[in-house]
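Shown here: upload25.cif, mmCIF, C-alpha atoms and all ligand atoms.
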```
data_query
loop_
_atom_site.group_PDB
_atom_site.id
_atom_site.type_symbol
_atom_site.label_atom_id
_atom_site.label_comp_id
_atom_site.auth_asym_id
_atom_site.auth_seq_id
_atom_site.Cartn_x
_atom_site.Cartn_y
_atom_site.Cartn_z
ATOM 1 C CA MET A 23 110.969 87.195 74.755
ATOM 2 C CA LYS A 24 109.065 83.861 75.001
ATOM 3 C CA GLU A 25 109.893 83.572 78.699
ATOM 4 C CA LEU A 26 108.775 87.167 79.311
ATOM 5 C CA ILE A 27 105.492 86.534 77.474
ATOM 6 C CA LYS A 28 104.945 83.523 79.750
ATOM 7 C CA GLN A 29 105.658 85.680 82.841
ATOM 8 C CA ALA A 30 103.168 88.326 81.640
ATOM 9 C CA ALA A 31 100.497 85.703 80.910
ATOM 10 C CA ASP A 32 101.043 84.151 84.333
ATOM 11 C CA ILE A 33 100.661 87.537 86.086
ATOM 12 C CA ILE A 34 97.474 88.320 84.145
ATOM 13 C CA THR A 35 95.791 84.943 84.707
ATOM 14 C CA LYS A 36 96.553 85.079 88.454
ATOM 15 C CA SER A 37 95.441 88.712 88.926
ATOM 16 C CA GLY A 38 92.067 89.433 90.534
ATOM 17 C CA LEU A 39 92.019 93.020 89.193
ATOM 18 C CA THR A 40 93.938 93.906 86.043
ATOM 19 C CA ILE A 41 93.902 97.384 84.506
ATOM 20 C CA ALA A 42 95.744 98.934 81.572
ATOM 21 C CA LEU A 43 97.150 102.385 80.798
ATOM 22 C CA THR A 44 97.471 103.002 77.064
ATOM 23 C CA GLY A 45 99.028 105.768 74.995
ATOM 24 C CA ALA A 46 99.470 106.802 71.383
ATOM 25 C CA GLY A 47 101.890 103.948 70.687
ATOM 26 C CA ILE A 48 99.064 101.405 70.718
ATOM 27 C CA SER A 49 97.435 103.164 67.740
ATOM 28 C CA VAL A 50 100.581 103.614 65.608
ATOM 29 C CA GLU A 51 99.945 100.272 63.854
ATOM 30 C CA SER A 52 96.483 101.629 62.977
ATOM 31 C CA GLY A 53 98.153 104.466 61.054
ATOM 32 C CA ILE A 54 97.976 107.200 63.698
ATOM 33 C CA PRO A 55 101.454 108.612 64.500
ATOM 34 C CA ASP A 56 102.353 109.023 68.124
ATOM 35 C CA PHE A 57 103.577 112.314 69.566
ATOM 36 C CA ARG A 58 107.175 111.913 70.718
ATOM 37 C CA SER A 59 108.769 109.256 68.526
ATOM 38 C CA PRO A 60 110.951 110.618 65.699
ATOM 39 C CA GLY A 61 108.516 111.997 63.083
ATOM 40 C CA GLY A 62 105.724 112.065 65.652
ATOM 41 C CA LEU A 63 103.059 114.764 65.744
ATOM 42 C CA TRP A 64 105.053 117.053 68.046
ATOM 43 C CA SER A 65 107.914 117.090 65.541
ATOM 44 C CA ILE A 66 105.482 118.588 62.994
ATOM 45 C CA TYR A 67 103.221 120.705 65.224
ATOM 46 C CA ASP A 68 104.607 122.656 68.188
ATOM 47 C CA PRO A 69 102.294 121.637 71.066
ATOM 48 C CA SER A 70 102.542 125.118 72.595
ATOM 49 C CA GLU A 71 100.975 126.528 69.412
ATOM 50 C CA TYR A 72 98.542 123.696 68.596
ATOM 51 C CA ALA A 73 97.654 121.772 71.758
ATOM 52 C CA THR A 74 97.014 124.257 74.587
ATOM 53 C CA ILE A 75 93.613 125.621 75.557
ATOM 54 C CA SER A 76 94.955 129.174 75.251
ATOM 55 C CA ALA A 77 96.105 128.433 71.676
ATOM 56 C CA PHE A 78 92.630 127.118 70.848
ATOM 57 C CA ILE A 79 90.930 130.198 72.298
ATOM 58 C CA SER A 80 93.272 132.663 70.588
ATOM 59 C CA THR A 81 93.815 130.880 67.240
ATOM 60 C CA PRO A 82 91.124 128.198 66.776
ATOM 61 C CA GLU A 83 91.550 128.063 62.986
ATOM 62 C CA LYS A 84 95.258 127.242 63.413
ATOM 63 C CA VAL A 85 94.564 124.540 66.010
ATOM 64 C CA TRP A 86 91.950 123.053 63.690
ATOM 65 C CA GLU A 87 94.656 122.690 60.997
ATOM 66 C CA MET A 88 96.327 120.034 63.172
ATOM 67 C CA ALA A 89 92.995 118.669 64.417
ATOM 68 C CA ARG A 90 91.863 118.189 60.797
ATOM 69 C CA GLU A 91 95.010 116.184 59.958
ATOM 70 C CA MET A 92 94.483 114.078 63.100
ATOM 71 C CA THR A 93 90.800 113.456 62.363
ATOM 72 C CA LYS A 94 91.644 112.339 58.788
ATOM 73 C CA LEU A 95 94.073 109.737 60.224
ATOM 74 C CA ILE A 96 91.656 108.738 62.997
ATOM 75 C CA ASP A 97 88.666 108.393 60.650
ATOM 76 C CA ALA A 98 90.752 106.122 58.370
ATOM 77 C CA ALA A 99 92.076 104.071 61.304
ATOM 78 C CA ARG A 100 90.738 100.705 62.457
ATOM 79 C CA PRO A 101 91.531 98.863 65.702
ATOM 80 C CA ASN A 102 94.719 96.791 65.396
ATOM 81 C CA SER A 103 95.549 93.463 67.056
ATOM 82 C CA ALA A 104 96.626 95.247 70.244
ATOM 83 C CA HIS A 105 93.222 96.922 70.673
ATOM 84 C CA LYS A 106 91.457 93.687 69.699
ATOM 85 C CA GLY A 107 93.607 91.590 72.035
ATOM 86 C CA MET A 108 92.724 93.855 74.956
ATOM 87 C CA ALA A 109 89.022 93.621 74.079
ATOM 88 C CA ASP A 110 89.376 89.806 74.036
ATOM 89 C CA LEU A 111 91.103 89.911 77.440
ATOM 90 C CA GLU A 112 88.153 91.910 78.792
ATOM 91 C CA LYS A 113 85.681 89.357 77.384
ATOM 92 C CA MET A 114 87.720 86.508 78.938
ATOM 93 C CA GLY A 115 87.601 88.305 82.308
ATOM 94 C CA TYR A 116 91.348 88.981 82.457
ATOM 95 C CA LEU A 117 91.282 92.779 81.869
ATOM 96 C CA HIS A 118 88.832 94.867 83.883
ATOM 97 C CA HIS A 119 89.453 98.514 82.895
ATOM 98 C CA ILE A 120 91.455 100.423 80.294
ATOM 99 C CA ILE A 121 92.621 103.947 81.113
ATOM 100 C CA THR A 122 93.536 105.541 77.807
ATOM 101 C CA GLN A 123 95.261 108.810 76.978
ATOM 102 C CA ASN A 124 94.129 108.407 73.364
ATOM 103 C CA VAL A 125 91.216 110.282 71.808
ATOM 104 C CA ASP A 126 90.761 107.977 68.787
ATOM 105 C CA ASN A 127 87.949 105.745 70.151
ATOM 106 C CA LEU A 128 89.786 102.630 68.877
ATOM 107 C CA HIS A 129 89.481 100.699 72.152
ATOM 108 C CA GLN A 130 85.698 101.115 72.024
ATOM 109 C CA GLU A 131 85.603 100.215 68.317
ATOM 110 C CA ALA A 132 87.603 97.058 69.138
ATOM 111 C CA GLY A 133 84.881 96.058 71.623
ATOM 112 C CA SER A 134 86.313 97.177 74.972
ATOM 113 C CA SER A 135 83.524 98.477 77.205
ATOM 114 C CA ASN A 136 85.299 99.622 80.373
ATOM 115 C CA VAL A 137 87.324 102.492 78.917
ATOM 116 C CA ILE A 138 88.260 105.562 80.953
ATOM 117 C CA GLU A 139 89.218 108.450 78.636
ATOM 118 C CA TYR A 140 91.797 110.700 80.317
ATOM 119 C CA HIS A 141 92.113 113.122 77.437
ATOM 120 C CA GLY A 142 88.584 113.022 76.039
ATOM 121 C CA ASN A 143 87.435 111.876 72.634
ATOM 122 C CA ILE A 144 87.672 113.670 69.279
ATOM 123 C CA SER A 145 84.395 112.233 67.958
ATOM 124 C CA THR A 146 82.345 115.064 69.530
ATOM 125 C CA LEU A 147 82.683 118.861 69.487
ATOM 126 C CA THR A 148 81.326 121.500 71.885
ATOM 127 C CA CYS A 149 80.432 125.185 71.566
ATOM 128 C CA LEU A 150 82.230 127.145 74.290
ATOM 129 C CA LYS A 151 79.520 129.846 74.027
ATOM 130 C CA CYS A 152 76.229 127.923 74.312
ATOM 131 C CA GLY A 153 77.479 124.507 75.411
ATOM 132 C CA GLN A 154 75.781 122.531 72.612
ATOM 133 C CA ARG A 155 77.564 119.253 71.754
ATOM 134 C CA PHE A 156 77.740 117.850 68.208
ATOM 135 C CA LYS A 157 78.847 114.530 66.698
ATOM 136 C CA ARG A 158 81.806 115.391 64.426
ATOM 137 C CA ALA A 159 80.656 112.781 61.880
ATOM 138 C CA GLU A 160 77.392 114.690 61.433
ATOM 139 C CA LEU A 161 79.118 118.013 60.605
ATOM 140 C CA HIS A 162 80.246 118.428 56.986
ATOM 141 C CA GLU A 163 79.250 121.886 55.781
ATOM 142 C CA GLU A 164 82.162 124.054 56.723
ATOM 143 C CA PHE A 165 85.701 124.056 58.052
ATOM 144 C CA PRO A 166 86.461 124.840 60.783
ATOM 145 C CA PRO A 167 83.062 123.669 62.122
ATOM 146 C CA ARG A 168 80.987 126.431 63.731
ATOM 147 C CA CYS A 169 78.077 126.373 66.169
ATOM 148 C CA ILE A 170 74.528 126.917 64.943
ATOM 149 C CA CYS A 171 73.943 129.348 67.804
ATOM 150 C CA SER A 172 74.030 133.104 67.204
ATOM 151 C CA SER A 173 77.706 133.231 68.181
ATOM 152 C CA ARG A 174 78.662 131.068 65.154
ATOM 153 C CA MET A 175 81.657 130.190 67.335
ATOM 154 C CA ILE A 176 84.259 127.680 66.080
ATOM 155 C CA LEU A 177 83.505 124.408 67.855
ATOM 156 C CA LYS A 178 86.054 122.880 70.255
ATOM 157 C CA PRO A 179 86.962 119.175 69.926
ATOM 158 C CA ASP A 180 86.026 117.356 73.183
ATOM 159 C CA VAL A 181 89.682 116.560 73.885
ATOM 160 C CA ILE A 182 91.652 117.778 76.890
ATOM 161 C CA PHE A 183 94.139 120.413 75.759
ATOM 162 C CA PHE A 184 97.242 121.225 77.765
ATOM 163 C CA GLY A 185 96.088 123.668 80.440
ATOM 164 C CA GLU A 186 92.701 121.953 80.854
ATOM 165 C CA ALA A 187 91.800 119.722 83.798
ATOM 166 C CA ILE A 188 91.452 115.953 83.374
ATOM 167 C CA PRO A 189 87.761 114.985 83.798
ATOM 168 C CA GLU A 190 87.361 114.538 87.558
ATOM 169 C CA ASP A 191 85.478 111.235 87.372
ATOM 170 C CA ALA A 192 88.145 109.804 85.030
ATOM 171 C CA MET A 193 90.919 110.833 87.403
ATOM 172 C CA ASN A 194 89.200 109.649 90.602
ATOM 173 C CA ARG A 195 88.136 106.316 89.104
ATOM 174 C CA SER A 196 91.606 105.625 87.659
ATOM 175 C CA PHE A 197 93.404 106.418 90.917
ATOM 176 C CA GLN A 198 90.988 104.179 92.798
ATOM 177 C CA LEU A 199 91.549 101.322 90.322
ATOM 178 C CA ALA A 200 95.324 101.828 90.348
ATOM 179 C CA SER A 201 95.438 101.582 94.137
ATOM 180 C CA HIS A 202 93.613 98.237 94.091
ATOM 181 C CA ALA A 203 95.023 96.679 90.921
ATOM 182 C CA GLU A 204 96.992 93.435 91.181
ATOM 183 C CA ALA A 205 98.324 93.848 87.636
ATOM 184 C CA LEU A 206 98.833 96.890 85.400
ATOM 185 C CA MET A 207 99.579 96.708 81.674
ATOM 186 C CA VAL A 208 101.279 99.875 80.380
ATOM 187 C CA VAL A 209 100.977 99.870 76.587
ATOM 188 C CA GLY A 210 102.475 102.352 74.109
ATOM 189 C CA THR A 211 103.047 105.357 76.332
ATOM 190 C CA SER A 212 106.178 107.366 77.101
ATOM 191 C CA ALA A 213 104.564 108.076 80.496
ATOM 192 C CA VAL A 214 105.797 111.681 80.509
ATOM 193 C CA VAL A 215 102.449 113.497 80.818
ATOM 194 C CA SER A 216 100.891 114.013 84.220
ATOM 195 C CA PRO A 217 98.616 112.996 85.871
ATOM 196 C CA ALA A 218 98.246 109.848 83.705
ATOM 197 C CA ASN A 219 101.902 109.054 84.329
ATOM 198 C CA THR A 220 101.318 108.723 88.086
ATOM 199 C CA ILE A 221 99.124 105.646 87.567
ATOM 200 C CA PRO A 222 102.024 103.166 87.239
ATOM 201 C CA SER A 223 103.646 104.337 90.482
ATOM 202 C CA ILE A 224 100.316 104.287 92.368
ATOM 203 C CA ALA A 225 99.697 100.719 91.190
ATOM 204 C CA LYS A 226 103.268 99.631 91.966
ATOM 205 C CA THR A 227 103.213 101.206 95.438
ATOM 206 C CA ASN A 228 100.038 99.255 96.188
ATOM 207 C CA GLY A 229 101.572 95.940 95.189
ATOM 208 C CA ALA A 230 100.575 95.568 91.530
ATOM 209 C CA LYS A 231 102.813 93.776 89.053
ATOM 210 C CA VAL A 232 103.591 96.116 86.132
ATOM 211 C CA ILE A 233 103.816 94.753 82.585
ATOM 212 C CA GLU A 234 105.178 97.326 80.102
ATOM 213 C CA ILE A 235 104.707 96.890 76.346
ATOM 214 C CA ASN A 236 106.674 99.421 74.304
ATOM 215 C CA LYS A 237 108.884 99.496 71.238
ATOM 216 C CA ASP A 238 111.333 101.636 73.268
ATOM 217 C CA ARG A 239 112.479 101.736 76.883
ATOM 218 C CA THR A 240 110.890 104.488 79.006
ATOM 219 C CA HIS A 241 111.655 105.936 82.446
ATOM 220 C CA LEU A 242 109.384 103.210 83.856
ATOM 221 C CA THR A 243 111.549 100.437 82.402
ATOM 222 C CA GLY A 244 113.989 99.094 84.951
ATOM 223 C CA THR A 245 112.387 101.091 87.785
ATOM 224 C CA ILE A 246 108.659 100.425 88.089
ATOM 225 C CA THR A 247 108.261 97.800 85.350
ATOM 226 C CA ASP A 248 108.345 94.142 86.392
ATOM 227 C CA VAL A 249 108.073 92.619 82.908
ATOM 228 C CA PHE A 250 109.265 94.679 79.920
ATOM 229 C CA LEU A 251 108.026 93.386 76.554
ATOM 230 C CA ASN A 252 110.047 95.283 73.966
ATOM 231 C CA GLY A 253 108.393 95.488 70.572
ATOM 232 C CA ASP A 254 105.252 96.402 68.663
ATOM 233 C CA ALA A 255 102.106 96.255 70.778
ATOM 234 C CA GLY A 256 100.114 94.365 68.139
ATOM 235 C CA MET A 257 102.500 91.425 67.884
ATOM 236 C CA ILE A 258 103.138 91.281 71.649
ATOM 237 C CA MET A 259 99.440 91.411 72.610
ATOM 238 C CA THR A 260 98.753 88.583 70.144
ATOM 239 C CA GLU A 261 101.463 86.474 71.787
ATOM 240 C CA ILE A 262 100.147 87.210 75.292
ATOM 241 C CA LEU A 263 96.624 86.113 74.230
ATOM 242 C CA ALA A 264 98.022 82.898 72.711
ATOM 243 C CA GLU A 265 99.947 82.113 75.902
ATOM 244 C CA ILE A 266 96.909 82.798 78.106
ATOM 245 C CA ARG A 267 94.751 80.517 75.933
ATOM 246 C CA LYS A 268 97.389 77.792 76.420
ATOM 247 C CA ILE A 269 97.228 78.272 80.220
ATOM 248 C CA VAL A 270 93.455 78.418 80.583
ATOM 249 C CA GLY A 271 92.642 75.936 77.790
HETATM 250 N N1 LIG A 301 104.115 99.477 69.853
HETATM 251 C C1 LIG A 301 104.453 99.786 71.129
HETATM 252 N N2 LIG A 301 104.899 101.007 71.515
HETATM 253 C C2 LIG A 301 104.986 101.954 70.554
HETATM 254 C C3 LIG A 301 104.652 101.712 69.199
HETATM 255 C C4 LIG A 301 104.198 100.406 68.869
HETATM 256 N N3 LIG A 301 103.863 100.061 67.608
HETATM 257 N N4 LIG A 301 104.852 102.860 68.486
HETATM 258 C C5 LIG A 301 105.289 103.779 69.375
HETATM 259 N N5 LIG A 301 105.374 103.246 70.618
HETATM 260 C C6 LIG A 301 105.792 103.895 71.863
HETATM 261 C C7 LIG A 301 106.839 104.973 71.710
HETATM 262 O O1 LIG A 301 108.140 104.407 71.761
HETATM 263 C C8 LIG A 301 106.545 105.851 72.949
HETATM 264 O O2 LIG A 301 107.218 105.349 74.090
HETATM 265 O O3 LIG A 301 104.644 104.549 72.377
HETATM 266 C C9 LIG A 301 105.044 105.684 73.135
HETATM 267 C C10 LIG A 301 104.252 106.889 72.660
HETATM 268 O O4 LIG A 301 104.604 107.982 73.488
HETATM 269 P P1 LIG A 301 104.030 109.443 73.159
HETATM 270 O O5 LIG A 301 104.200 109.739 71.720
HETATM 271 O O6 LIG A 301 104.638 110.369 74.175
HETATM 272 O O7 LIG A 301 102.451 109.293 73.407
HETATM 273 P P2 LIG A 301 101.705 109.270 74.803
HETATM 274 O O8 LIG A 301 102.557 108.636 75.852
HETATM 275 O O9 LIG A 301 100.374 108.701 74.565
HETATM 276 O O10 LIG A 301 101.554 110.840 75.150
HETATM 277 C C11 LIG A 301 100.752 111.156 76.254
HETATM 278 O O11 LIG A 301 100.889 113.469 75.627
HETATM 279 O O12 LIG A 301 100.907 115.028 73.999
HETATM 280 C C12 LIG A 301 100.120 114.456 74.959
HETATM 281 O O13 LIG A 301 97.790 114.359 74.942
HETATM 282 C C13 LIG A 301 98.922 113.784 74.359
HETATM 283 O O14 LIG A 301 97.792 111.809 75.189
HETATM 284 C C14 LIG A 301 99.054 112.339 74.790
HETATM 285 C C15 LIG A 301 100.007 112.421 75.981
#
```
For this file, produce the structure as structure tokens.
Ligand code: APR
Amino acid sequence: MKELIKQAADIITKSGLTIALTGAGISVESGIPDFRSPGGLWSIYDPSEYATISAFISTPEKVWEMAREMTKLIDAARPNSAHKGMADLEKMGYLHHIITQNVDNLHQEAGSSNVIEYHGNISTLTCLKCGQRFKRAELHEEFPPRCICSSRMILKPDVIFFGEAIPEDAMNRSFQLASHAEALMVVGTSAVVSPANTIPSIAKTNGAKVIEINKDRTHLTGTITDVFLNGDAGMIMTEILAEIRKIVG
């Protein structure tokens, strides 16, 4: 692993444009389960009943059952050493943008400023009737939270459900970055959900070196990945930072 950490650090310090694609695995060490590992959220909640826009429209109370469990975990979560390491890399000028599939805001809380949110953010809610947006932290009265407009409609978390489009600016910006990146770090994602999972192949096709950090192998490993760092993101990111500090002094 030491040699692989050195290879990753060398790629990052030599890259003129480094981006990252992160998934739920980066937040597992913060106490938020991922989706597809054994015991993950999709083994408890069937995504077709809890994570599609049609499920939210037809049974919002049911969808909020899962959303409430997620928000409890997210509100108790703090950035871990993987989030913090990536924020440090940004400050050192070695990581330029993070494209995240996560909705937990932990990259921003760790201090990262260039974060593109592919699947939205669960800290705000919107009324599908009148369009008003609310900060979830400011809503306590009732569950599920309802709009103050005459519809009294159940508010929708500002996350992208299956069946909803990825925010256009997020998609366009990420494809543009991926096609110019010299290095891509893929951290804690099974890379099975489109269109986020096209980012590694776009970057690779355009000459980027791909560093994958995951506790398991994925379909990227051994095909698109140049350096596979197998283990927990927190420990690995800490080792990459230490190696980079050795190189740059
Ligand atoms: N360190 C590194 N990798 C980890 C860790 C960890 N501590 N814990 C889990 N992983 C890995 C898992 O092995 C898996 O490969 O992170 C990956 C998480 O994959 P998923 O659970 O599929 O999560 P993600 O890839 O983010 O899913 C993408 O699917 O359901 C939708 O909208 C949801 O944004 C999500 C999207």
Checklist entry - Residues at most 8 Å from Gly47 of chain A, counting all atoms listed in the file, excluding those fewer than 6 positions away in the same chain, as a ChimeraX atom specification? => result /A:55-56,209-211,236,255
Next on the checklist: Please enumerate the residues selected by the PyMOL selection byres (((not hetatm)) within 6 of (chain A and resi 301)) when evaluated against the supplied file, formatted as a count of residues only.
Outcome noted: 24
Residues of segment 133-247 of chain A at most 12 Å from segment 89-101 of chain A: nearest atom pair and distance in Å, only C-alpha atoms, as JSON lines:
```
{"residue": "A:Gly133", "atom": "CA", "partner": "A:Pro101", "partner_atom": "CA", "distance": 9.3}
{"residue": "A:Ser134", "atom": "CA", "partner": "A:Pro101", "partner_atom": "CA", "distance": 10.8}
{"residue": "A:Asn143", "atom": "CA", "partner": "A:Thr93", "partner_atom": "CA", "distance": 10.9}
{"residue": "A:Ile144", "atom": "CA", "partner": "A:Thr93", "partner_atom": "CA", "distance": 7.6}
{"residue": "A:Ser145", "atom": "CA", "partner": "A:Thr93", "partner_atom": "CA", "distance": 8.6}
{"residue": "A:Thr146", "atom": "CA", "partner": "A:Thr93", "partner_atom": "CA", "distance": 11.2}
{"residue": "A:Leu147", "atom": "CA", "partner": "A:Ala89", "partner_atom": "CA", "distance": 11.5}
{"residue": "A:Arg158", "atom": "CA", "partner": "A:Thr93", "partner_atom": "CA", "distance": 9.4}
{"residue": "A:Ala159", "atom": "CA", "partner": "A:Asp97", "partner_atom": "CA", "distance": 9.2}
{"residue": "A:Phe165", "atom": "CA", "partner": "A:Arg90", "partner_atom": "CA", "distance": 8.9}
{"residue": "A:Pro166", "atom": "CA", "partner": "A:Arg90", "partner_atom": "CA", "distance": 8.6}
{"residue": "A:Pro167", "atom": "CA", "partner": "A:Arg90", "partner_atom": "CA", "distance": 10.5}
{"residue": "A:Leu177", "atom": "CA", "partner": "A:Ala89", "partner_atom": "CA", "distance": 11.6}
{"residue": "A:Lys178", "atom": "CA", "partner": "A:Ala89", "partner_atom": "CA", "distance": 10.0}
{"residue": "A:Pro179", "atom": "CA", "partner": "A:Ala89", "partner_atom": "CA", "distance": 8.2}
{"residue": "A:Asp180", "atom": "CA", "partner": "A:Ala89", "partner_atom": "CA", "distance": 11.3}
{"residue": "A:Val181", "atom": "CA", "partner": "A:Ala89", "partner_atom": "CA", "distance": 10.3}
{"residue": "A:Phe183", "atom": "CA", "partner": "A:Ala89", "partner_atom": "CA", "distance": 11.5}
```
Next on the checklist: Rounded to one decimal, what separation in Å do you get between atom CA of Met175 of chain A and atom CA of Tyr72 of chain A?
Outcome noted: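 Atom CA of Met175 of chain A sits 18.1 Å away from atom CA of Tyr72 of chain A.
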Checklist entry - Residues picked by the PyMOL selection byres (((chain A and resi 170) around 12) and not hetatm) here, as a list in words? => result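 This file, filtered by the PyMOL selection byres (((chain A and resi 170) around 12) and not hetatm), leaves Thr148, Cys149, Lys151, Cys152, Gly153, Gln154, Arg155, Phe156, Leu161, Glu163, Glu164, Pro167, Arg168, Cys169, Cys171, Ser172, Ser173, Arg174, Met175, Ile176 and Leu177 of chain A.
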Item to check | Residue nearest Thr122 of chain A among A:Ile182, A:Leu251, A:Ile41, A:Val137 (counting all atoms listed in the file) | outcome: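 Among the listed residues, A:Val137 lies closest to Thr122 of chain A.
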Checklist entry - If you apply the PyMOL selection byres (((chain A and resi 261) around 12) and not hetatm) to this file, what residues do you get, as an MDAnalysis selection string? => result chainID A and resid 23:31 103:104 107:108 235 251 253:260 262:268
Item to check | Residue with smallest distance to Glu234 of chain A - pool A:Met193, A:Leu43, A:Ala109, A:Thr220, counting all atoms listed in the file | outcome: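 Looking at the shortest contact to Glu234 of chain A, the residue is A:Leu43.
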Checklist entry - Smallest atom-to-atom distance to Trp86 of chain A: which of A:Ile66, A:Ile246, A:Ala73, A:Leu199, using all atoms listed in the file? => result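 Using all atoms listed in the file, the shortest distance to Trp86 of chain A belongs to A:Ala73.
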Checklist entry - Hey, can you check how far atom CA of Gln198 of chain A sits from atom CA of Ser216 of chain A? => result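 Atom CA of Ser216 of chain A lies at a distance of 16.4 Å from atom CA of Gln198 of chain A.
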Item to check | Å distance separating atom CA of Ala192 of chain A from atom CA of Leu39 of chain A, one decimal place | outcome: 17.7 Å
Checklist entry - Near Thr40 of chain A, within 9 Å and counting all atoms listed in the file, which residues show up once chain neighbours fewer than 3 positions away are dropped, as a ChimeraX atom specification? => result /A:34,37,116-119,199,203-207,230
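Taking only C-alpha atoms into account, Met114 of chain A lies nearest to A:Val270 out of the set A:Val249, A:Ile233, A:Val270, A:Met88.
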Take segment 26-32 of chain A, bring it up to all heavy atoms, and give me the output as a PDB file, in the coordinates of the input.
```pdb
ATOM      1  N   LEU A  26     109.430  85.949  78.786  1.00  0.00           N
ATOM      2  CA  LEU A  26     108.775  87.167  79.311  1.00  0.00           C
ATOM      3  C   LEU A  26     107.280  87.152  79.009  1.00  0.00           C
ATOM      4  O   LEU A  26     106.453  87.550  79.836  1.00  0.00           O
ATOM      5  CB  LEU A  26     109.434  88.414  78.711  1.00  0.00           C
ATOM      6  CG  LEU A  26     110.882  88.684  79.130  1.00  0.00           C
ATOM      7  CD1 LEU A  26     111.465  89.821  78.312  1.00  0.00           C
ATOM      8  CD2 LEU A  26     110.966  88.989  80.630  1.00  0.00           C
ATOM      9  N   ILE A  27     106.921  86.654  77.826  1.00  0.00           N
ATOM     10  CA  ILE A  27     105.492  86.534  77.474  1.00  0.00           C
ATOM     11  C   ILE A  27     104.806  85.588  78.458  1.00  0.00           C
ATOM     12  O   ILE A  27     103.709  85.854  78.972  1.00  0.00           O
ATOM     13  CB  ILE A  27     105.319  86.020  76.021  1.00  0.00           C
ATOM     14  CG1 ILE A  27     105.840  87.026  74.992  1.00  0.00           C
ATOM     15  CG2 ILE A  27     103.861  85.622  75.733  1.00  0.00           C
ATOM     16  CD1 ILE A  27     104.954  88.210  74.708  1.00  0.00           C
ATOM     17  N   LYS A  28     105.486  84.502  78.781  1.00  0.00           N
ATOM     18  CA  LYS A  28     104.945  83.523  79.750  1.00  0.00           C
ATOM     19  C   LYS A  28     104.759  84.191  81.127  1.00  0.00           C
ATOM     20  O   LYS A  28     103.718  84.039  81.781  1.00  0.00           O
ATOM     21  CB  LYS A  28     105.914  82.341  79.915  1.00  0.00           C
ATOM     22  CG  LYS A  28     105.798  81.235  78.873  1.00  0.00           C
ATOM     23  CD  LYS A  28     106.629  80.016  79.357  1.00  0.00           C
ATOM     24  CE  LYS A  28     106.451  78.758  78.529  1.00  0.00           C
ATOM     25  NZ  LYS A  28     106.483  78.894  77.105  1.00  0.00           N
ATOM     26  N   GLN A  29     105.761  84.997  81.540  1.00  0.00           N
ATOM     27  CA  GLN A  29     105.658  85.680  82.841  1.00  0.00           C
ATOM     28  C   GLN A  29     104.463  86.632  82.847  1.00  0.00           C
ATOM     29  O   GLN A  29     103.671  86.658  83.788  1.00  0.00           O
ATOM     30  CB  GLN A  29     106.948  86.486  83.121  1.00  0.00           C
ATOM     31  CG  GLN A  29     108.147  85.635  83.513  1.00  0.00           C
ATOM     32  CD  GLN A  29     109.390  86.504  83.686  1.00  0.00           C
ATOM     33  OE1 GLN A  29     109.290  87.690  84.058  1.00  0.00           O
ATOM     34  NE2 GLN A  29     110.551  85.941  83.391  1.00  0.00           N
ATOM     35  N   ALA A  30     104.292  87.366  81.734  1.00  0.00           N
ATOM     36  CA  ALA A  30     103.168  88.326  81.640  1.00  0.00           C
ATOM     37  C   ALA A  30     101.834  87.584  81.684  1.00  0.00           C
ATOM     38  O   ALA A  30     100.922  87.967  82.432  1.00  0.00           O
ATOM     39  CB  ALA A  30     103.281  89.132  80.351  1.00  0.00           C
ATOM     40  N   ALA A  31     101.743  86.491  80.940  1.00  0.00           N
ATOM     41  CA  ALA A  31     100.497  85.703  80.910  1.00  0.00           C
ATOM     42  C   ALA A  31     100.189  85.136  82.288  1.00  0.00           C
ATOM     43  O   ALA A  31      99.034  85.139  82.741  1.00  0.00           O
ATOM     44  CB  ALA A  31     100.617  84.584  79.886  1.00  0.00           C
ATOM     45  N   ASP A  32     101.225  84.722  82.983  1.00  0.00           N
ATOM     46  CA  ASP A  32     101.043  84.151  84.333  1.00  0.00           C
ATOM     47  C   ASP A  32     100.525  85.213  85.299  1.00  0.00           C
ATOM     48  O   ASP A  32      99.558  85.002  86.036  1.00  0.00           O
ATOM     49  CB  ASP A  32     102.409  83.619  84.812  1.00  0.00           C
ATOM     50  CG  ASP A  32     102.267  82.796  86.072  1.00  0.00           C
ATOM     51  OD1 ASP A  32     101.382  81.904  86.065  1.00  0.00           O
ATOM     52  OD2 ASP A  32     102.948  83.102  87.074  1.00  0.00           O
TER      53      ASP A  32
END
```
